[in-house]
Amino acid sequence: MNNPEYTEKLENIIKQMLRPLKDIPFTLTIEAMTGKKVIAFDFLKDEHKDVLELLKQAALQAGTEINKTGIVRSRPNEVGNDIENFIKNALNSLGLNADIPTGPSGNKKAVGYPDIIFRHQNNPYYLECKTYNIKNINTTFRSFYLSPSDEFKVIHDAPHLVLSFEIYVDGESGNKNIYKCKHYKILSIEALSLDVKYEFNSDNKRLYSGKDGTIILAEGKVE
């Protein structure tokens with residue numbers, strides 16, 4: 001039976017859900033999602049200072065390797081996928097045992113935050129690999145994402161870091177660009193503020209079955 005009062009309350013609830021949440025601390029987000037703590041980077045702690053020096057070396061090694069031949073891609077936002085292996089190789093050359101992080105099941109998962117886990121003095125560190133263009137570094141273009149998952153790849157209390165390279169176009173190869181890097185940034189993100197934007201979604205079964213809300217108006221074979 002149609003109940004206008006109930007419908008209005010439901011509409012108001014949905015409207016509230018759709019309002020983006022702003023400036024949520026990264027550390028609280030990770031702890032709420034996983035029960036694990038984000039360990040703040042401490043410049044006074046010898047281990048953290050050692051890790052920073054090793055990350056600087058890794059950044060220079062990875063950047064040098066990238067610039068030997070460049071990364072050939074159609075779009076700059078695809079380059080970040082390629083730099084991960086360069087960074088992982090550099091970290092491993094420095095004895096930091098870099099690998100793909102695992103979720104709670106113990107299975108390695110390449111997709112999603114964070115990209116890499118490495119260890120120093122047997123302590124874990126999470127590392128995200130990024131690229132940026134100096135022209136848009138001060139814009140509000142969204143560049144950092146994480147999504148809840150049953151296999152979310154944070155299972156340790158650990159520092160969370162980002163290694164990002166400034167990239168630029170250094171020629172062309174066919175219809176693609178050759179990207180190289182000229183600068184790096186190492187970031188600690190425990191104080192990073194995050195926004196949440198809700199979305200509604202469905203799946204193929206519901207969309208195409210004609211049984212869960214969609215009505216198939218016509219279909220036919222194309223010769």
# chains A, B, ... in the order shown; residues from 1 in each chain; ligands from 1
>>> residues_around(residues="region 104-111 of chain A", least_positions_apart="6", cutoff="10 Å", atoms="only C-alpha atoms", output="PyMOL selection string")
chain A and resi 34+150-155
>>> write_last_selection(atoms="C-alpha atoms", output="PDB file, in the first residue's frame")
ATOM      1  CA  THR A  34      40.656  -3.247   9.235  1.00  0.00           C
ATOM      2  CA  ASP A 150      36.678  -8.472   2.293  1.00  0.00           C
ATOM      3  CA  GLU A 151      40.219  -8.879   0.976  1.00  0.00           C
ATOM      4  CA  PHE A 152      41.470  -5.362   1.741  1.00  0.00           C
ATOM      5  CA  LYS A 153      45.264  -5.543   1.680  1.00  0.00           C
ATOM      6  CA  VAL A 154      46.054  -4.062   5.095  1.00  0.00           C
ATOM      7  CA  ILE A 155      46.586  -6.769   7.712  1.00  0.00           C
TER       8      ILE A 155
END
>>> residues_around(residues="Gln57 (chain A)", least_positions_apart="2", cutoff="12 Å", atoms="only C-alpha atoms", output="list in words")
Asp50, Val51, Leu52, Glu53, Leu54, Leu55, Ala59, Leu60, Gln61, Ala62, Gly63, Thr64, Ile87, Asn89, Ala90, Leu91, Asn92, Ser93, Leu94, Gly95, Leu96, Leu163, Tyr184 and Ile186 of chain A
>>> write_last_selection(atoms="N, CA and C atoms", output="PDB file, in the first residue's frame")
ATOM      1  N   ASP A  50      66.259   5.364   8.834  1.00  0.00           N
ATOM      2  CA  ASP A  50      66.922   4.421   7.936  1.00  0.00           C
ATOM      3  C   ASP A  50      66.030   4.085   6.736  1.00  0.00           C
ATOM      4  N   VAL A  51      64.748   3.856   7.012  1.00  0.00           N
ATOM      5  CA  VAL A  51      63.809   3.535   5.937  1.00  0.00           C
ATOM      6  C   VAL A  51      63.721   4.686   4.942  1.00  0.00           C
ATOM      7  N   LEU A  52      63.681   5.909   5.437  1.00  0.00           N
ATOM      8  CA  LEU A  52      63.606   7.057   4.548  1.00  0.00           C
ATOM      9  C   LEU A  52      64.828   7.134   3.642  1.00  0.00           C
ATOM     10  N   GLU A  53      66.011   6.894   4.191  1.00  0.00           N
ATOM     11  CA  GLU A  53      67.220   6.929   3.371  1.00  0.00           C
ATOM     12  C   GLU A  53      67.196   5.845   2.303  1.00  0.00           C
ATOM     13  N   LEU A  54      66.688   4.667   2.672  1.00  0.00           N
ATOM     14  CA  LEU A  54      66.593   3.571   1.705  1.00  0.00           C
ATOM     15  C   LEU A  54      65.557   3.880   0.628  1.00  0.00           C
ATOM     16  N   LEU A  55      64.465   4.518   1.007  1.00  0.00           N
ATOM     17  CA  LEU A  55      63.459   4.903   0.023  1.00  0.00           C
ATOM     18  C   LEU A  55      63.996   5.950  -0.956  1.00  0.00           C
ATOM     19  N   ALA A  59      64.119   5.401  -4.886  1.00  0.00           N
ATOM     20  CA  ALA A  59      63.520   6.356  -5.820  1.00  0.00           C
ATOM     21  C   ALA A  59      64.512   6.726  -6.920  1.00  0.00           C
ATOM     22  N   LEU A  60      65.751   6.972  -6.542  1.00  0.00           N
ATOM     23  CA  LEU A  60      66.764   7.328  -7.534  1.00  0.00           C
ATOM     24  C   LEU A  60      67.066   6.158  -8.467  1.00  0.00           C
ATOM     25  N   GLN A  61      67.161   4.954  -7.907  1.00  0.00           N
ATOM     26  CA  GLN A  61      67.416   3.778  -8.740  1.00  0.00           C
ATOM     27  C   GLN A  61      66.272   3.535  -9.718  1.00  0.00           C
ATOM     28  N   ALA A  62      65.057   3.567  -9.204  1.00  0.00           N
ATOM     29  CA  ALA A  62      63.891   3.318 -10.053  1.00  0.00           C
ATOM     30  C   ALA A  62      63.773   4.392 -11.128  1.00  0.00           C
ATOM     31  N   GLY A  63      63.957   5.652 -10.733  1.00  0.00           N
ATOM     32  CA  GLY A  63      63.872   6.747 -11.694  1.00  0.00           C
ATOM     33  C   GLY A  63      64.911   6.635 -12.793  1.00  0.00           C
ATOM     34  N   THR A  64      66.126   6.252 -12.428  1.00  0.00           N
ATOM     35  CA  THR A  64      67.193   6.077 -13.419  1.00  0.00           C
ATOM     36  C   THR A  64      66.849   4.967 -14.408  1.00  0.00           C
ATOM     37  N   ILE A  87      59.936   0.230  -8.912  1.00  0.00           N
ATOM     38  CA  ILE A  87      60.110   0.529  -7.491  1.00  0.00           C
ATOM     39  C   ILE A  87      60.331  -0.752  -6.693  1.00  0.00           C
ATOM     40  N   ASN A  89      61.604  -3.569  -7.731  1.00  0.00           N
ATOM     41  CA  ASN A  89      62.951  -4.081  -8.000  1.00  0.00           C
ATOM     42  C   ASN A  89      64.010  -3.291  -7.244  1.00  0.00           C
ATOM     43  N   ALA A  90      63.834  -1.972  -7.183  1.00  0.00           N
ATOM     44  CA  ALA A  90      64.801  -1.144  -6.465  1.00  0.00           C
ATOM     45  C   ALA A  90      64.780  -1.452  -4.968  1.00  0.00           C
ATOM     46  N   LEU A  91      63.594  -1.607  -4.409  1.00  0.00           N
ATOM     47  CA  LEU A  91      63.477  -1.936  -2.982  1.00  0.00           C
ATOM     48  C   LEU A  91      64.143  -3.284  -2.686  1.00  0.00           C
ATOM     49  N   ASN A  92      63.923  -4.250  -3.560  1.00  0.00           N
ATOM     50  CA  ASN A  92      64.508  -5.575  -3.334  1.00  0.00           C
ATOM     51  C   ASN A  92      66.021  -5.551  -3.455  1.00  0.00           C
ATOM     52  N   SER A  93      66.539  -4.699  -4.330  1.00  0.00           N
ATOM     53  CA  SER A  93      67.996  -4.596  -4.460  1.00  0.00           C
ATOM     54  C   SER A  93      68.630  -4.035  -3.201  1.00  0.00           C
ATOM     55  N   LEU A  94      67.809  -3.356  -2.396  1.00  0.00           N
ATOM     56  CA  LEU A  94      68.286  -2.775  -1.134  1.00  0.00           C
ATOM     57  C   LEU A  94      67.939  -3.649   0.069  1.00  0.00           C
ATOM     58  N   GLY A  95      67.456  -4.860  -0.209  1.00  0.00           N
ATOM     59  CA  GLY A  95      67.186  -5.816   0.865  1.00  0.00           C
ATOM     60  C   GLY A  95      65.900  -5.591   1.620  1.00  0.00           C
ATOM     61  N   LEU A  96      64.929  -4.926   1.004  1.00  0.00           N
ATOM     62  CA  LEU A  96      63.689  -4.583   1.722  1.00  0.00           C
ATOM     63  C   LEU A  96      62.535  -5.554   1.458  1.00  0.00           C
ATOM     64  N   LEU A 163      55.324   6.764  -2.715  1.00  0.00           N
ATOM     65  CA  LEU A 163      56.451   7.198  -3.543  1.00  0.00           C
ATOM     66  C   LEU A 163      55.877   7.607  -4.891  1.00  0.00           C
ATOM     67  N   TYR A 184      61.001  13.167  -7.616  1.00  0.00           N
ATOM     68  CA  TYR A 184      60.233  12.219  -6.813  1.00  0.00           C
ATOM     69  C   TYR A 184      59.791  12.873  -5.511  1.00  0.00           C
ATOM     70  N   ILE A 186      58.432  11.489  -1.569  1.00  0.00           N
ATOM     71  CA  ILE A 186      58.124  10.416  -0.622  1.00  0.00           C
ATOM     72  C   ILE A 186      57.217  11.016   0.448  1.00  0.00           C
TER      73      ILE A 186
END
>>> closest_atom_pairs(of="region 124-143 of chain A", to="region 189-207 of chain A", cutoff="12 Å", atoms="only C-alpha atoms", output="tab-separated table")
residue	atom	partner	partner_atom	distance
A:Tyr126	CA	A:Ile189	CA	10.5
A:Leu127	CA	A:Ile189	CA	10.1
A:Glu128	CA	A:Ile189	CA	10.1
A:Thr140	CA	A:Asp195	CA	11.9
A:Arg142	CA	A:Asp195	CA	10.0
A:Ser143	CA	A:Leu194	CA	11.0
>>> select_by_dssp(residues="region 36-171 of chain A", states="strand (DSSP E or B)", output="count of residues only")
35
>>> select_by_dssp(residues="chain A", states="alpha helix (DSSP H)", output="count of residues only")
67
>>> closest_residue(among="A:Leu28, A:Cys129, A:Cys181, A:Leu187", to="Lys68 (chain A)", atoms="only C-alpha atoms")
A:Cys181
>>> residues_around(residues="region 36-48 of chain A", least_positions_apart="3", cutoff="6 Å", atoms="only C-alpha atoms", output="list in words")
Thr27, Glu31, Val51, His156, Asp157, Ala158, Pro159 and Glu190 of chain A
>>> residues_around(residues="Asn97 (chain A)", least_positions_apart="5", cutoff="9 Å", atoms="only C-alpha atoms", output="list in words")
Lys88, Leu91, Asn92, Ile117, Phe118, Arg119 and His120 of chain A
>>> write_last_selection(atoms="C-alpha atoms", output="tab-separated table (two decimals), in the first residue's frame")
chain	number	residue	atom	x	y	z
A	88	LYS	CA	59.71	-3.05	-6.30
A	91	LEU	CA	63.48	-1.94	-2.98
A	92	ASN	CA	64.51	-5.58	-3.33
A	117	ILE	CA	54.50	-4.16	1.29
A	118	PHE	CA	58.16	-4.14	2.28
A	119	ARG	CA	60.01	-4.94	5.47
A	120	HIS	CA	62.87	-3.35	7.36
>>> residues_around(residues="Ile66 (chain A)", least_positions_apart="6", cutoff="9 Å", atoms="only C-alpha atoms", output="JSON, numbers by chain")
{"A": [83, 86, 179, 180, 181]}
>>> write_last_selection(atoms="N, CA and C atoms", output="CSV table (one decimal), in the first residue's frame")
chain,number,residue,atom,x,y,z
A,83,ILE,N,55.3,1.9,-13.1
A,83,ILE,CA,56.4,2.2,-12.3
A,83,ILE,C,56.5,1.3,-11.1
A,86,PHE,N,59.4,-1.2,-11.3
A,86,PHE,CA,60.6,-0.5,-11.1
A,86,PHE,C,60.9,-0.2,-9.6
A,179,TYR,N,57.1,8.4,-21.7
A,179,TYR,CA,57.2,9.2,-20.5
A,179,TYR,C,58.4,8.9,-19.7
A,180,LYS,N,59.0,9.9,-19.1
A,180,LYS,CA,60.1,9.8,-18.2
A,180,LYS,C,59.9,10.6,-17.0
A,181,CYS,N,60.7,10.5,-16.0
A,181,CYS,CA,60.5,11.2,-14.7
A,181,CYS,C,61.7,12.1,-14.4
>>> closest_residue(among="A:Ile216, A:Ala58, A:Ile116, A:Leu10", to="Thr102 (chain A)", atoms="only C-alpha atoms")
A:Ile116
>>> atom_distance(atom1="CA of Ser74 (chain A)", atom2="CA of Asn177 (chain A)")
5.9 Å
>>> decode(residues="region 138-154 of chain A", atoms="N, CA and C atoms", output="mmCIF file, in the first residue's frame")
data_model
loop_
_atom_site.group_PDB
_atom_site.id
_atom_site.type_symbol
_atom_site.label_atom_id
_atom_site.label_comp_id
_atom_site.auth_asym_id
_atom_site.auth_seq_id
_atom_site.Cartn_x
_atom_site.Cartn_y
_atom_site.Cartn_z
ATOM 1 N N ASN A 138 48.550 21.114 -7.993
ATOM 2 C CA ASN A 138 47.806 21.924 -7.029
ATOM 3 C C ASN A 138 46.304 21.967 -7.321
ATOM 4 N N THR A 139 45.833 21.089 -8.191
ATOM 5 C CA THR A 139 44.407 21.059 -8.512
ATOM 6 C C THR A 139 43.681 20.106 -7.565
ATOM 7 N N THR A 140 42.349 20.090 -7.665
ATOM 8 C CA THR A 140 41.541 19.190 -6.836
ATOM 9 C C THR A 140 41.180 17.907 -7.581
ATOM 10 N N PHE A 141 41.933 17.593 -8.630
ATOM 11 C CA PHE A 141 41.743 16.346 -9.357
ATOM 12 C C PHE A 141 41.994 15.169 -8.419
ATOM 13 N N ARG A 142 41.046 14.223 -8.363
ATOM 14 C CA ARG A 142 41.173 13.097 -7.434
ATOM 15 C C ARG A 142 42.297 12.155 -7.874
ATOM 16 N N SER A 143 43.173 11.810 -6.953
ATOM 17 C CA SER A 143 44.341 11.009 -7.316
ATOM 18 C C SER A 143 44.630 9.873 -6.343
ATOM 19 N N PHE A 144 43.867 9.762 -5.282
ATOM 20 C CA PHE A 144 44.112 8.715 -4.282
ATOM 21 C C PHE A 144 42.787 8.050 -3.956
ATOM 22 N N TYR A 145 42.764 6.728 -4.049
ATOM 23 C CA TYR A 145 41.533 5.987 -3.839
ATOM 24 C C TYR A 145 41.787 4.773 -2.954
ATOM 25 N N LEU A 146 40.809 4.429 -2.144
ATOM 26 C CA LEU A 146 40.776 3.114 -1.517
ATOM 27 C C LEU A 146 39.321 2.735 -1.287
ATOM 28 N N SER A 147 39.045 1.449 -1.415
ATOM 29 C CA SER A 147 37.670 0.967 -1.305
ATOM 30 C C SER A 147 37.611 -0.198 -0.333
ATOM 31 N N PRO A 148 36.573 -0.274 0.500
ATOM 32 C CA PRO A 148 36.414 -1.411 1.410
ATOM 33 C C PRO A 148 36.316 -2.718 0.631
ATOM 34 N N SER A 149 36.826 -3.781 1.224
ATOM 35 C CA SER A 149 36.793 -5.086 0.571
ATOM 36 C C SER A 149 36.996 -6.155 1.634
ATOM 37 N N ASP A 150 36.424 -7.339 1.397
ATOM 38 C CA ASP A 150 36.678 -8.472 2.293
ATOM 39 C C ASP A 150 38.139 -8.888 2.240
ATOM 40 N N GLU A 151 38.813 -8.541 1.138
ATOM 41 C CA GLU A 151 40.219 -8.879 0.976
ATOM 42 C C GLU A 151 41.073 -7.614 0.925
ATOM 43 N N PHE A 152 40.689 -6.597 1.699
ATOM 44 C CA PHE A 152 41.470 -5.362 1.741
ATOM 45 C C PHE A 152 42.881 -5.685 2.219
ATOM 46 N N LYS A 153 43.879 -5.100 1.538
ATOM 47 C CA LYS A 153 45.264 -5.543 1.680
ATOM 48 C C LYS A 153 46.027 -4.873 2.819
ATOM 49 N N VAL A 154 45.367 -4.574 3.911
ATOM 50 C CA VAL A 154 46.054 -4.062 5.095
ATOM 51 C C VAL A 154 45.755 -5.020 6.240
#
